[in-house]
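Structure below is work-v4.txt: compact mmCIF, C-alpha atoms.
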# COMPACT_ATOMS: atom_id res chain seq x y z
CA MET A 21 0.00 0.00 0.00
CA THR A 22 1.19 3.50 -0.75
CA TYR A 23 0.25 6.80 0.85
CA SER A 24 0.51 10.16 -0.80
CA GLU A 25 3.31 12.51 0.22
CA ARG A 26 0.87 15.31 -0.54
CA TYR A 27 0.10 15.19 3.19
CA LEU A 28 3.68 16.18 4.08
CA HIS A 29 4.00 19.92 4.84
CA LEU A 30 7.31 19.87 6.69
CA GLU A 31 8.59 23.17 5.37
CA GLU A 32 5.35 25.09 5.81
CA LYS A 33 3.93 27.12 8.66
CA ILE A 34 0.34 26.53 9.67
CA ASP A 35 -2.10 28.66 11.61
CA ILE A 36 -2.25 26.87 14.96
CA ASP A 37 -5.40 28.81 15.83
CA SER A 38 -7.30 26.97 13.11
CA HIS A 39 -5.91 23.45 13.51
CA VAL A 40 -5.93 20.66 16.07
CA LEU A 41 -2.26 19.78 16.53
CA CYS A 42 -1.43 16.19 17.53
CA ARG A 43 1.89 14.61 18.36
CA TYR A 44 2.30 10.89 17.65
CA ARG A 45 5.11 8.50 18.57
CA ILE A 46 5.53 6.00 15.73
CA LYS A 47 7.18 2.57 15.57
CA THR A 48 7.69 1.36 12.02
CA GLU A 49 9.96 -1.10 10.24
CA ARG A 50 8.17 -1.51 6.90
CA MET A 51 7.84 2.22 6.23
CA SER A 52 9.91 5.30 6.86
CA ILE A 53 8.71 7.70 9.56
CA LYS A 54 7.67 10.13 6.82
CA GLU A 55 5.60 7.45 5.07
CA ALA A 56 4.01 6.34 8.34
CA ALA A 57 3.13 9.92 9.30
CA ALA A 58 1.67 10.48 5.84
CA ALA A 59 -0.35 7.29 6.24
CA ILE A 60 -1.83 8.55 9.51
CA ALA A 61 -2.66 11.96 8.05
CA THR A 62 -4.18 10.29 4.99
CA GLU A 63 -6.27 7.76 6.91
CA GLN A 64 -7.57 10.24 9.45
CA SER A 65 -8.62 12.97 7.02
CA THR A 66 -9.35 12.88 3.29
CA GLY A 67 -7.60 9.79 1.92
CA THR A 68 -7.27 6.05 2.13
CA TRP A 69 -4.89 3.29 0.94
CA THR A 70 -5.27 4.13 -2.74
CA ASP A 71 -5.98 7.08 -5.02
CA LEU A 72 -9.55 8.37 -5.07
CA VAL A 73 -11.29 9.80 -8.11
CA THR A 74 -13.62 11.64 -5.72
CA LEU A 75 -10.84 13.52 -3.91
CA LYS A 76 -10.97 16.91 -5.55
CA ASP A 77 -8.17 19.41 -5.00
CA GLU A 78 -10.41 21.82 -3.11
CA ILE A 79 -11.46 19.05 -0.68
CA PHE A 80 -7.86 18.00 -0.10
CA GLU A 81 -6.65 21.57 0.42
CA LYS A 82 -9.40 22.48 2.87
CA TYR A 83 -9.79 19.27 4.87
CA GLY A 84 -6.59 17.26 4.43
CA ALA A 85 -4.40 16.74 7.50
CA LYS A 86 -0.85 18.05 7.37
CA VAL A 87 2.31 16.43 8.71
CA VAL A 88 4.07 19.56 9.92
CA GLU A 89 7.06 18.22 11.85
CA ILE A 90 9.06 15.02 12.30
CA LYS A 91 11.59 14.68 15.11
CA GLY A 92 13.14 11.27 15.55
CA ASN A 93 10.26 8.81 15.86
CA GLU A 94 7.64 11.47 16.59
CA ALA A 95 5.43 13.25 14.08
CA SER A 96 3.21 16.30 14.58
CA ILE A 97 0.05 16.30 12.47
CA ALA A 98 -2.31 19.25 12.12
CA PHE A 99 -5.99 18.63 11.43
CA PRO A 100 -7.99 21.58 10.05
CA GLU A 101 -10.63 22.80 12.48
CA ASP A 102 -13.21 22.26 9.73
CA ASP A 103 -12.65 18.49 10.06
CA PHE A 104 -14.40 18.58 13.42
CA SER A 105 -18.05 18.65 14.37
CA ILE A 106 -19.82 21.94 14.99
CA ASP A 107 -21.85 20.22 17.71
CA VAL A 108 -21.12 21.68 21.11
CA GLY A 109 -18.45 19.55 22.75
CA GLY A 110 -18.20 16.75 20.24
CA VAL A 111 -15.68 14.56 22.07
CA PRO A 112 -16.69 11.29 20.36
CA GLN A 113 -16.04 12.79 16.92
CA ILE A 114 -12.84 14.50 18.10
CA LEU A 115 -11.46 11.14 19.24
CA SER A 116 -12.54 9.43 16.04
CA VAL A 117 -10.33 11.87 14.12
CA ILE A 118 -7.24 12.13 16.31
CA ALA A 119 -7.34 8.61 17.77
CA GLY A 120 -9.35 6.48 15.37
CA ASN A 121 -8.47 3.93 12.69
CA LEU A 122 -4.79 4.91 12.73
CA PHE A 123 -4.09 2.38 15.48
CA GLY A 124 -5.10 -0.47 13.20
CA LEU A 125 -2.93 0.39 10.18
CA ALA A 126 -1.19 -2.88 9.32
CA ASP A 127 1.97 -1.30 7.92
CA ILE A 128 2.68 0.59 11.15
CA ASP A 129 3.99 -1.48 14.05
CA GLY A 130 2.91 0.94 16.75
CA VAL A 131 1.61 4.45 17.19
CA ARG A 132 0.86 6.41 20.35
CA LEU A 133 -0.97 9.73 20.62
CA GLU A 134 1.22 11.65 23.04
CA ASP A 135 -0.39 15.09 23.12
CA VAL A 136 -3.01 17.28 21.51
CA ILE A 137 -3.44 21.06 21.38
CA PHE A 138 -6.89 22.44 20.60
CA PRO A 139 -7.52 25.81 18.91
CA PRO A 140 -9.79 28.49 20.43
CA GLY A 141 -12.68 27.56 18.13
CA ILE A 142 -12.93 24.10 19.66
CA LEU A 143 -12.10 25.12 23.23
CA LYS A 144 -15.01 27.57 23.25
CA GLN A 145 -17.43 24.71 22.62
CA PHE A 146 -16.72 23.45 26.14
CA LYS A 147 -17.43 25.08 29.50
CA GLY A 148 -14.86 23.38 31.71
CA PRO A 149 -15.25 22.82 35.49
CA LYS A 150 -17.91 24.49 37.58
CA PHE A 151 -15.78 24.31 40.72
CA GLY A 152 -12.19 23.28 40.06
CA ILE A 153 -9.43 23.91 42.58
CA GLY A 154 -10.85 27.17 43.90
CA GLY A 155 -14.34 25.82 44.31
CA LEU A 156 -13.20 22.71 46.17
CA ARG A 157 -11.00 24.77 48.47
CA LYS A 158 -13.89 27.10 49.23
CA ILE A 159 -16.22 24.20 50.06
CA LEU A 160 -13.61 22.74 52.41
CA ASP A 161 -12.44 26.11 53.79
CA ARG A 162 -8.87 25.04 53.05
CA PRO A 163 -7.25 27.88 51.13
CA GLU A 164 -3.64 26.70 50.93
CA LYS A 165 -2.82 23.24 52.25
CA PRO A 166 -2.98 20.19 49.98
CA LEU A 167 -6.23 18.29 50.27
CA VAL A 168 -5.84 14.96 52.02
CA GLY A 169 -8.22 12.10 51.46
CA THR A 170 -8.96 8.41 51.44
CA ILE A 171 -10.62 5.73 49.39
CA VAL A 172 -12.92 3.52 51.43
CA LYS A 173 -11.33 0.09 51.79
CA PRO A 174 -12.04 -2.66 51.14
CA LYS A 175 -13.34 -1.26 47.87
CA ILE A 176 -16.36 -3.57 47.97
CA GLY A 177 -18.06 -5.48 50.77
CA LEU A 178 -18.82 -2.87 53.44
CA SER A 179 -22.42 -2.02 54.28
CA PRO A 180 -23.72 1.57 54.12
CA LYS A 181 -23.38 1.84 57.90
CA GLU A 182 -19.82 0.51 57.89
CA THR A 183 -18.90 2.84 55.05
CA ALA A 184 -20.26 5.84 56.92
CA GLU A 185 -18.44 4.82 60.10
CA TYR A 186 -15.20 4.58 58.12
CA ILE A 187 -15.70 8.11 56.76
CA LEU A 188 -16.60 9.47 60.19
CA GLU A 189 -13.36 8.08 61.61
CA CYS A 190 -11.38 9.56 58.73
CA GLY A 191 -12.97 12.97 59.20
CA ARG A 192 -12.20 12.92 62.91
CA GLY A 193 -8.64 12.05 61.96
CA GLY A 194 -8.40 15.25 59.92
CA LEU A 195 -9.04 14.17 56.33
CA THR A 196 -10.79 16.57 53.96
CA ASN A 197 -11.90 14.11 51.28
CA SER A 198 -13.05 10.56 50.78
CA LYS A 199 -14.54 8.66 47.87
CA ASP A 200 -16.15 5.44 46.75
CA ASP A 201 -13.80 3.16 44.89
CA GLU A 202 -14.26 2.69 41.15
CA THR A 203 -16.01 -0.68 41.39
CA LEU A 204 -18.63 0.39 43.93
CA VAL A 205 -21.86 1.87 42.59
CA ASN A 206 -25.13 0.20 43.60
CA GLN A 207 -24.55 -3.39 44.72
CA GLU A 208 -26.91 -5.29 47.01
CA PHE A 209 -24.49 -5.22 49.94
CA CYS A 210 -24.24 -1.41 49.75
CA PRO A 211 -27.21 0.21 47.97
CA ILE A 212 -26.30 3.65 46.70
CA GLU A 213 -29.29 5.50 48.17
CA GLU A 214 -28.84 3.99 51.62
CA ARG A 215 -25.09 4.59 51.44
CA THR A 216 -25.53 8.22 50.39
CA VAL A 217 -27.89 8.94 53.28
CA ALA A 218 -25.61 7.27 55.83
CA ILE A 219 -22.56 9.18 54.55
CA ALA A 220 -24.47 12.47 54.50
CA GLU A 221 -25.36 11.95 58.15
CA ALA A 222 -21.70 11.25 58.98
CA LEU A 223 -20.61 14.40 57.17
CA ASP A 224 -23.26 16.41 59.02
CA THR A 225 -21.88 15.07 62.29
CA LEU A 226 -18.40 16.17 61.28
CA LYS A 227 -19.70 19.59 60.32
CA ASP A 228 -21.36 19.94 63.74
CA GLU A 229 -17.96 19.11 65.25
CA GLY A 230 -16.34 21.91 63.26
CA ARG A 231 -14.81 19.71 60.56
CA ARG A 232 -15.34 20.03 56.82
CA MET A 233 -15.19 16.98 54.61
CA VAL A 234 -16.70 15.82 51.31
CA HIS A 235 -17.22 12.32 49.96
CA ALA A 236 -17.59 11.48 46.26
CA ILE A 237 -20.44 9.07 45.54
CA ASN A 238 -19.77 6.97 42.45
CA VAL A 239 -22.63 7.47 39.98
CA SER A 240 -20.99 5.61 37.08
CA THR A 241 -23.79 3.89 35.21
CA SER A 242 -25.48 3.74 31.81
CA GLY A 243 -25.49 6.96 29.81
CA HIS A 244 -29.27 7.36 29.83
CA ARG A 245 -29.39 7.03 33.63
CA ILE A 246 -26.35 8.87 34.93
CA LEU A 247 -27.95 12.32 35.25
CA GLU A 248 -30.97 10.88 37.02
CA LEU A 249 -28.74 8.97 39.45
CA ALA A 250 -26.57 12.01 40.11
CA GLU A 251 -29.63 14.14 40.81
CA ARG A 252 -30.95 11.49 43.19
CA VAL A 253 -27.78 11.18 45.29
CA GLN A 254 -27.45 14.97 45.37
CA GLU A 255 -31.03 15.12 46.65
CA LEU A 256 -30.09 12.61 49.37
CA GLY A 257 -27.17 14.74 50.55
CA ALA A 258 -24.16 13.91 48.37
CA LEU A 259 -21.61 16.75 48.47
CA GLU A 260 -19.59 15.40 45.54
CA ILE A 261 -20.11 12.81 42.81
CA MET A 262 -17.65 10.56 41.02
CA VAL A 263 -17.54 9.33 37.43
CA ASP A 264 -15.35 6.64 35.87
CA VAL A 265 -14.67 8.65 32.71
CA LEU A 266 -13.27 6.00 30.39
CA THR A 267 -15.93 3.42 31.14
CA CYS A 268 -18.79 5.93 31.12
CA GLY A 269 -17.46 8.22 28.40
CA PHE A 270 -16.45 11.87 28.32
CA GLY A 271 -20.03 12.77 27.44
CA ALA A 272 -21.13 11.54 30.86
CA VAL A 273 -18.84 14.02 32.61
CA GLN A 274 -19.92 16.80 30.27
CA ALA A 275 -23.62 16.06 30.72
CA LEU A 276 -23.29 16.27 34.50
CA ALA A 277 -21.05 19.35 34.49
CA GLU A 278 -23.24 21.33 32.13
CA ASP A 279 -26.61 20.41 33.59
CA PRO A 280 -27.81 23.21 35.91
CA SER A 281 -29.41 20.70 38.28
CA ILE A 282 -26.00 19.34 39.34
CA LYS A 283 -24.62 21.67 41.97
CA VAL A 284 -21.79 19.59 43.43
CA PRO A 285 -18.21 18.96 42.22
CA ILE A 286 -17.37 16.04 39.94
CA HIS A 287 -14.48 13.79 40.91
CA VAL A 288 -13.17 11.95 37.84
CA HIS A 289 -11.59 8.51 38.13
CA ARG A 290 -9.52 7.14 35.24
CA THR A 291 -10.06 3.42 35.76
CA MET A 292 -9.21 1.32 32.67
CA HIS A 293 -6.74 3.94 31.42
CA GLY A 294 -3.82 1.51 31.74
CA ALA A 295 -5.26 -0.61 28.93
CA ILE A 296 -4.83 2.42 26.66
CA THR A 297 -1.95 4.40 28.18
CA ARG A 298 0.51 1.84 29.53
CA ASN A 299 2.24 0.71 26.33
CA PRO A 300 4.83 3.39 25.44
CA GLU A 301 4.73 2.35 21.77
CA HIS A 302 1.01 2.05 21.11
CA GLY A 303 -2.20 3.64 22.36
CA ILE A 304 -2.87 7.04 23.91
CA SER A 305 -1.02 8.75 26.72
CA MET A 306 -3.01 10.07 29.67
CA LEU A 307 -2.28 13.67 28.66
CA PRO A 308 -4.96 13.99 25.92
CA PHE A 309 -7.48 12.42 28.29
CA THR A 310 -6.56 14.91 31.00
CA LYS A 311 -7.16 17.81 28.63
CA LEU A 312 -10.52 16.38 27.54
CA VAL A 313 -11.66 15.85 31.14
CA ARG A 314 -10.94 19.48 31.91
CA MET A 315 -12.77 20.62 28.79
CA CYS A 316 -15.78 18.47 29.71
CA GLY A 317 -16.01 19.82 33.24
CA GLY A 318 -14.30 17.48 35.68
CA ASP A 319 -13.40 19.26 38.92
CA ALA A 320 -10.83 16.77 40.22
CA LEU A 321 -8.93 14.13 38.24
CA HIS A 322 -6.58 11.28 39.03
CA ILE A 323 -3.19 12.04 37.45
CA GLY A 324 -1.07 9.17 38.83
CA SER A 325 1.17 8.85 41.85
CA LEU A 326 4.21 10.71 40.43
CA GLY A 327 6.25 7.54 40.29
CA VAL A 328 6.07 6.83 44.03
CA GLY A 329 2.97 4.61 44.38
CA LYS A 330 1.81 1.20 43.18
CA MET A 331 0.45 2.30 39.81
CA ARG A 332 2.75 2.30 36.79
CA GLY A 333 3.70 5.74 35.55
CA THR A 334 6.63 8.13 35.43
CA LYS A 335 7.08 11.38 37.27
CA LYS A 336 7.47 13.17 33.93
CA GLU A 337 4.17 11.86 32.55
CA ASP A 338 2.25 12.50 35.75
CA LEU A 339 3.63 16.02 35.99
CA ALA A 340 2.50 16.66 32.42
CA ASN A 341 -1.00 15.64 33.54
CA ARG A 342 -0.73 17.98 36.54
CA ASP A 343 0.33 20.81 34.26
CA ALA A 344 -2.64 20.17 31.97
CA CYS A 345 -4.96 20.39 34.98
CA ILE A 346 -3.73 23.86 35.92
CA ASP A 347 -2.59 25.32 32.55
CA SER A 348 -3.59 28.98 32.57
CA THR A 349 -3.54 29.35 28.78
CA VAL A 350 -6.88 27.57 28.35
CA PRO A 351 -10.16 29.31 29.22
CA TYR A 352 -11.24 27.06 32.09
CA LYS A 353 -10.97 26.83 35.85
CA PRO A 354 -8.06 24.63 36.95
CA VAL A 355 -8.79 21.02 37.86
CA MET A 356 -7.65 19.61 41.21
CA PRO A 357 -4.92 17.02 40.46
CA VAL A 358 -5.46 13.85 42.50
CA CYS A 359 -2.59 11.54 43.45
CA SER A 360 -3.51 8.05 44.62
CA GLY A 361 -2.56 4.42 44.22
CA GLY A 362 -0.53 2.68 46.92
CA LEU A 363 0.21 5.85 48.88
CA HIS A 364 1.00 6.15 52.58
CA PRO A 365 2.16 8.96 54.91
CA GLY A 366 5.83 8.35 54.18
CA MET A 367 5.28 9.39 50.55
CA VAL A 368 3.45 12.64 51.20
CA LYS A 369 6.41 15.02 51.44
CA LYS A 370 7.85 13.70 48.19
CA ILE A 371 4.53 14.19 46.42
CA VAL A 372 4.18 17.77 47.68
CA GLU A 373 7.75 18.54 46.65
CA ILE A 374 7.01 17.29 43.13
CA ALA A 375 3.42 18.44 42.62
CA GLY A 376 3.19 21.55 44.76
CA LYS A 377 0.43 22.46 47.17
CA ASP A 378 -2.50 22.38 44.74
CA VAL A 379 -2.93 18.63 44.94
CA GLN A 380 -5.28 16.12 46.56
CA ILE A 381 -3.40 13.20 48.10
CA GLN A 382 -5.44 10.06 48.71
CA ALA A 383 -4.58 6.89 50.61
CA GLY A 384 -6.78 3.83 50.98
CA GLY A 385 -4.56 1.13 52.39
CA GLY A 386 -2.31 3.87 53.76
CA VAL A 387 -5.17 4.82 56.09
CA ALA A 388 -7.00 1.54 56.70
CA GLY A 389 -3.73 -0.37 57.06
CA HIS A 390 -2.38 1.78 59.90
CA PRO A 391 -1.54 -0.33 62.98
CA GLY A 392 -3.63 1.98 65.16
CA GLY A 393 -6.76 1.76 63.00
CA ILE A 394 -8.63 4.07 60.65
CA ARG A 395 -8.68 7.27 62.71
CA LYS A 396 -4.99 7.07 63.51
CA GLY A 397 -4.27 6.27 59.87
CA ALA A 398 -6.13 9.44 58.92
CA MET A 399 -4.25 11.38 61.57
CA ALA A 400 -0.95 10.12 60.20
CA MET A 401 -1.84 11.25 56.68
CA SER A 402 -2.98 14.64 57.97
CA GLN A 403 0.19 15.04 60.01
CA ALA A 404 2.30 14.19 56.97
CA VAL A 405 0.50 16.87 54.95
CA ASP A 406 0.93 19.43 57.75
CA ALA A 407 4.65 18.67 57.98
CA SER A 408 5.10 18.86 54.22
CA PHE A 409 3.19 22.14 54.03
CA GLN A 410 5.50 23.60 56.66
CA GLY A 411 8.61 22.18 55.00
CA ILE A 412 9.48 19.93 57.95
CA GLU A 413 11.03 16.50 57.44
CA LEU A 414 8.55 13.74 58.24
CA SER A 415 10.99 11.93 60.52
CA GLN A 416 11.45 15.10 62.55
CA TYR A 417 7.71 15.86 62.72
CA ALA A 418 6.98 12.27 63.73
CA LYS A 419 8.96 12.64 66.95
CA LYS A 420 6.01 14.55 68.43
CA HIS A 421 3.26 12.78 66.46
CA LYS A 422 2.95 9.11 67.33
CA GLU A 423 0.45 8.31 64.59
CA LEU A 424 2.87 9.48 61.92
CA MET A 425 5.76 7.69 63.61
CA ASP A 426 3.80 4.41 63.63
CA ALA A 427 3.07 4.81 59.93
CA LEU A 428 6.71 5.52 59.09
CA ASN A 429 7.81 2.52 61.14
CA LYS A 430 5.44 0.29 59.17
CA TRP A 431 5.88 1.61 55.63
CA GLY A 432 9.03 3.68 55.67
CA CYS A 433 9.71 7.16 54.33
CA LEU A 434 10.84 8.32 50.89

Spell out the structure here as structure tokens.
Amino acid sequence: MTYSERYLHLEEKIDIDSHVLCRYRIKTERMSIKEAAAAIATEQSTGTWTDLVTLKDEIFEKYGAKVVEIKGNEASIAFPEDDFSIDVGGVPQILSVIAGNLFGLADIDGVRLEDVIFPPGILKQFKGPKFGIGGLRKILDRPEKPLVGTIVKPKIGLSPKETAEYILECGRGGLTNSKDDETLVNQEFCPIEERTVAIAEALDTLKDEGRRMVHAINVSTSGHRILELAERVQELGALEIMVDVLTCGFGAVQALAEDPSIKVPIHVHRTMHGAITRNPEHGISMLPFTKLVRMCGGDALHIGSLGVGKMRGTKKEDLANRDACIDSTVPYKPVMPVCSGGLHPGMVKKIVEIAGKDVQIQAGGGVAGHPGGIRKGAMAMSQAVDASFQGIELSQYAKKHKELMDALNKWGCL
């Protein structure tokens, strides 16, 4: 199969304000990088594997993708804005262009979408977060310190009452956030309505005690039901909702964020991303997904554990996700970056040093696995955040904080 070099525009300048610019990493042995890049541009815009009698010059010139740069094994391809839907927030069609059939091209051994930059004309179709970092901080009355949270563990099996008791203990231990895990929605052992009510009562108790805390109820479900479910748990007292974005779809996040009836923040989980992002030679990096979540209106998003937790990922990649959450060049409120996955108090200072203070640090096992129990596990995490915020070494701070010392003795300190 041959692909036309007409799609190569390596010596030309393009108007980045009228194109979607994508960067792809390409692995190819049967084609040159130039041929492979041309194949991607061809397949994803106006061409196919052979010449077309229907491809008129004016169509090619207006709608054809352009390979604008090749560096090593990476190619930058610009897609004219006119290639994209005029529907407000057309994420499905966006992905079909920039991340569609190209992954199946037989003559290319591997291709990975590393990054995407959207022009103003597409960005304005989206509204972004309702709350973002500032809104979450205002709700929690926590203007500067990192947010510190937990994931209820075990992720499935606890009753509504047990879940609420867990959250109450965490709140009394000083945590600001908690959340359902990604696999818990509305199982028989923990019905979502009963769970929401029990958690709301626990959060009210904490509020009466002078503590502010929010819990994200997982409303991930079928597309035609997710708004109804979110409205229902909000009605029952939910202060935050959670969506598994890759299993539910970006449209689910957007529908919730843009509906005026939803008046609570949206915590976005990225479960299943590893199936798409993990292979460095094929798939899609997390960075384009991060940008799309922000466009669609997520208020908080998992970005990885900055290379210190149990989940695979590099500090460089996770920091790129953090940067996309807070990038001031796009017309949206910044998203709260969430670090989680195998974290414990001994990792907190390292995370704050890498990510800064606008971060939400979450520990599940790092709270529930504390030798002193849930409340002391929460206290240890809170103490680690306080020490890190003040720039004090954890080992030094732990000398006067037994809960933190017990955690460091069990798990160590980075």

Find the residues around segment 194-210 of chain A up to 9 Å (all atoms listed in the file counted), leave out those fewer than 6 positions away in its own chain, and share them as number ranges by chain. A: 160, 162, 167-181, 183, 187, 231-241, 260-264, 287, 289-291, 380, 382, 395, 398-399, 401-403

Tell me which protein, DNA and RNA residues are within 10 Å of Trp431 of chain A, counting all atoms listed in the file, leaving out same-chain ones fewer than 4 positions away, and put them as a VMD selection string. chain A and resid 363 to 367 386 389 to 390 426 to 427

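Using only C-alpha atoms for every distance, the candidate list A:Ala375, A:Ala95, A:Ile53, A:Ala295 yields A:Ala375 as the residue closest to Leu339 of chain A.
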
Find the residues near Val328 of chain A: any atom within 10 Å, counting all atoms listed in the file, skip ones fewer than 4 places away on the same chain, and give them as a PDB file with C-alpha atoms, keeping the file's coordinate frame.
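Produced file part24.pdb, reproduced below:
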ATOM      1  CA  GLY A 324      -1.070   9.170  38.830  1.00  0.00           C
ATOM      2  CA  ARG A 332       2.750   2.300  36.790  1.00  0.00           C
ATOM      3  CA  GLY A 333       3.700   5.740  35.550  1.00  0.00           C
ATOM      4  CA  THR A 334       6.630   8.130  35.430  1.00  0.00           C
ATOM      5  CA  LYS A 335       7.080  11.380  37.270  1.00  0.00           C
ATOM      6  CA  CYS A 359      -2.590  11.540  43.450  1.00  0.00           C
ATOM      7  CA  SER A 360      -3.510   8.050  44.620  1.00  0.00           C
ATOM      8  CA  GLY A 361      -2.560   4.420  44.220  1.00  0.00           C
ATOM      9  CA  GLY A 362      -0.530   2.680  46.920  1.00  0.00           C
ATOM     10  CA  LEU A 363       0.210   5.850  48.880  1.00  0.00           C
ATOM     11  CA  HIS A 364       1.000   6.150  52.580  1.00  0.00           C
ATOM     12  CA  MET A 367       5.280   9.390  50.550  1.00  0.00           C
ATOM     13  CA  VAL A 368       3.450  12.640  51.200  1.00  0.00           C
ATOM     14  CA  LYS A 370       7.850  13.700  48.190  1.00  0.00           C
ATOM     15  CA  ILE A 371       4.530  14.190  46.420  1.00  0.00           C
ATOM     16  CA  LEU A 434      10.840   8.320  50.890  1.00  0.00           C
TER      17      LEU A 434
END

Find the residue from A:Leu156, A:Ala340, A:Val358, A:Ala250 that sits nearest to Pro285 of chain A; use all atoms listed in the file when measuring.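 Selected residue with least distance to Pro285 of chain A: A:Leu156.
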
Return the single residue from A:Glu189, A:Thr297, A:Met51, A:Gly92 that is closest to Ala126 of chain A, with distances computed using all atoms listed in the file.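 Going through A:Glu189, A:Thr297, A:Met51, A:Gly92 one by one, the smallest distance to Ala126 of chain A is for A:Met51.
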
Please write out, as lines of an AutoDock Vina configuration file, where the centre of an axis-aligned box around all listed atoms of segment 339-357 of chain A lies and how long its edges are, in Å to one decimal, after adding 5 Å on each side.
center_x = -3.8
center_y = 22.5
center_z = 34.8
size_x = 24.9
size_y = 23.7
size_z = 22.9

Which is closest to His39 of chain A among A:Asp338, A:Leu122, A:Leu115, A:Val136, if we use all atoms listed in the file? A:Val136

Shell of 9 Å around Val131 of chain A, only C-alpha atoms, local chain residues under 3 positions omitted, as a list in words: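 Contacts, in chain order: Tyr44, Arg45, Ile46, Lys47, Thr48, Leu122, Phe123, Ile128, Pro300, Glu301, His302, Gly303 and Ile304 of chain A.
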
Between atom CA of Leu143 of chain A and atom CA of Val117 of chain A - distance in Å to one decimal: 16.2 Å

Report as a ChimeraX atom specification all protein, DNA and RNA residues lying within 8 Å of segment 60-67 of chain A, evaluated on all atoms listed in the file, omitting residues in the same chain fewer than 2 positions from it. /A:23-24,27,56-58,69-72,75,79-80,83-87,97,99,103,117-118,120-122

Grab the atom CA of Arg192 of chain A to atom CA of Leu223 of chain A distance for me, in Å with one decimal place.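 The value is 10.3 Å.
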
Atom-to-atom span, atom CA of Leu414 of chain A and atom CA of Glu373 of chain A, Å: 12.6 Å

Anything within 9 Å of (-4.2, 17.9, 20.6): list those residues as a ChimeraX atom specification, counting only C-alpha atoms and sticking to the file's coordinates. /A:40-43,98,118,133-139,308,311

Output C-alpha atoms for every residue in that selection, as a PDB file, in the coordinates of the input.
ATOM      1  CA  VAL A  40      -5.930  20.660  16.070  1.00  0.00           C
ATOM      2  CA  LEU A  41      -2.260  19.780  16.530  1.00  0.00           C
ATOM      3  CA  CYS A  42      -1.430  16.190  17.530  1.00  0.00           C
ATOM      4  CA  ARG A  43       1.890  14.610  18.360  1.00  0.00           C
ATOM      5  CA  ALA A  98      -2.310  19.250  12.120  1.00  0.00           C
ATOM      6  CA  ILE A 118      -7.240  12.130  16.310  1.00  0.00           C
ATOM      7  CA  LEU A 133      -0.970   9.730  20.620  1.00  0.00           C
ATOM      8  CA  GLU A 134       1.220  11.650  23.040  1.00  0.00           C
ATOM      9  CA  ASP A 135      -0.390  15.090  23.120  1.00  0.00           C
ATOM     10  CA  VAL A 136      -3.010  17.280  21.510  1.00  0.00           C
ATOM     11  CA  ILE A 137      -3.440  21.060  21.380  1.00  0.00           C
ATOM     12  CA  PHE A 138      -6.890  22.440  20.600  1.00  0.00           C
ATOM     13  CA  PRO A 139      -7.520  25.810  18.910  1.00  0.00           C
ATOM     14  CA  PRO A 308      -4.960  13.990  25.920  1.00  0.00           C
ATOM     15  CA  LYS A 311      -7.160  17.810  28.630  1.00  0.00           C
TER      16      LYS A 311
END

Minimum-distance residue to Tyr186 of chain A, chosen among A:Glu413, A:Gly393, A:Asp129, A:Thr74 (using all atoms listed in the file):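 The closest residue to Tyr186 of chain A is A:Gly393.
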
In terms of the shortest atom-to-atom distance over all atoms listed in the file, which of A:Ala383, A:Arg26, A:Ala275, A:Asp102 is closest to Asp77 of chain A? A:Arg26

Give as number ranges by chain the set of residues within 7 Å of the point (-14.2, 13.5, 13.2), where distances use the file's coordinates and only C-alpha atoms. A: 103-105, 113-114, 116-117
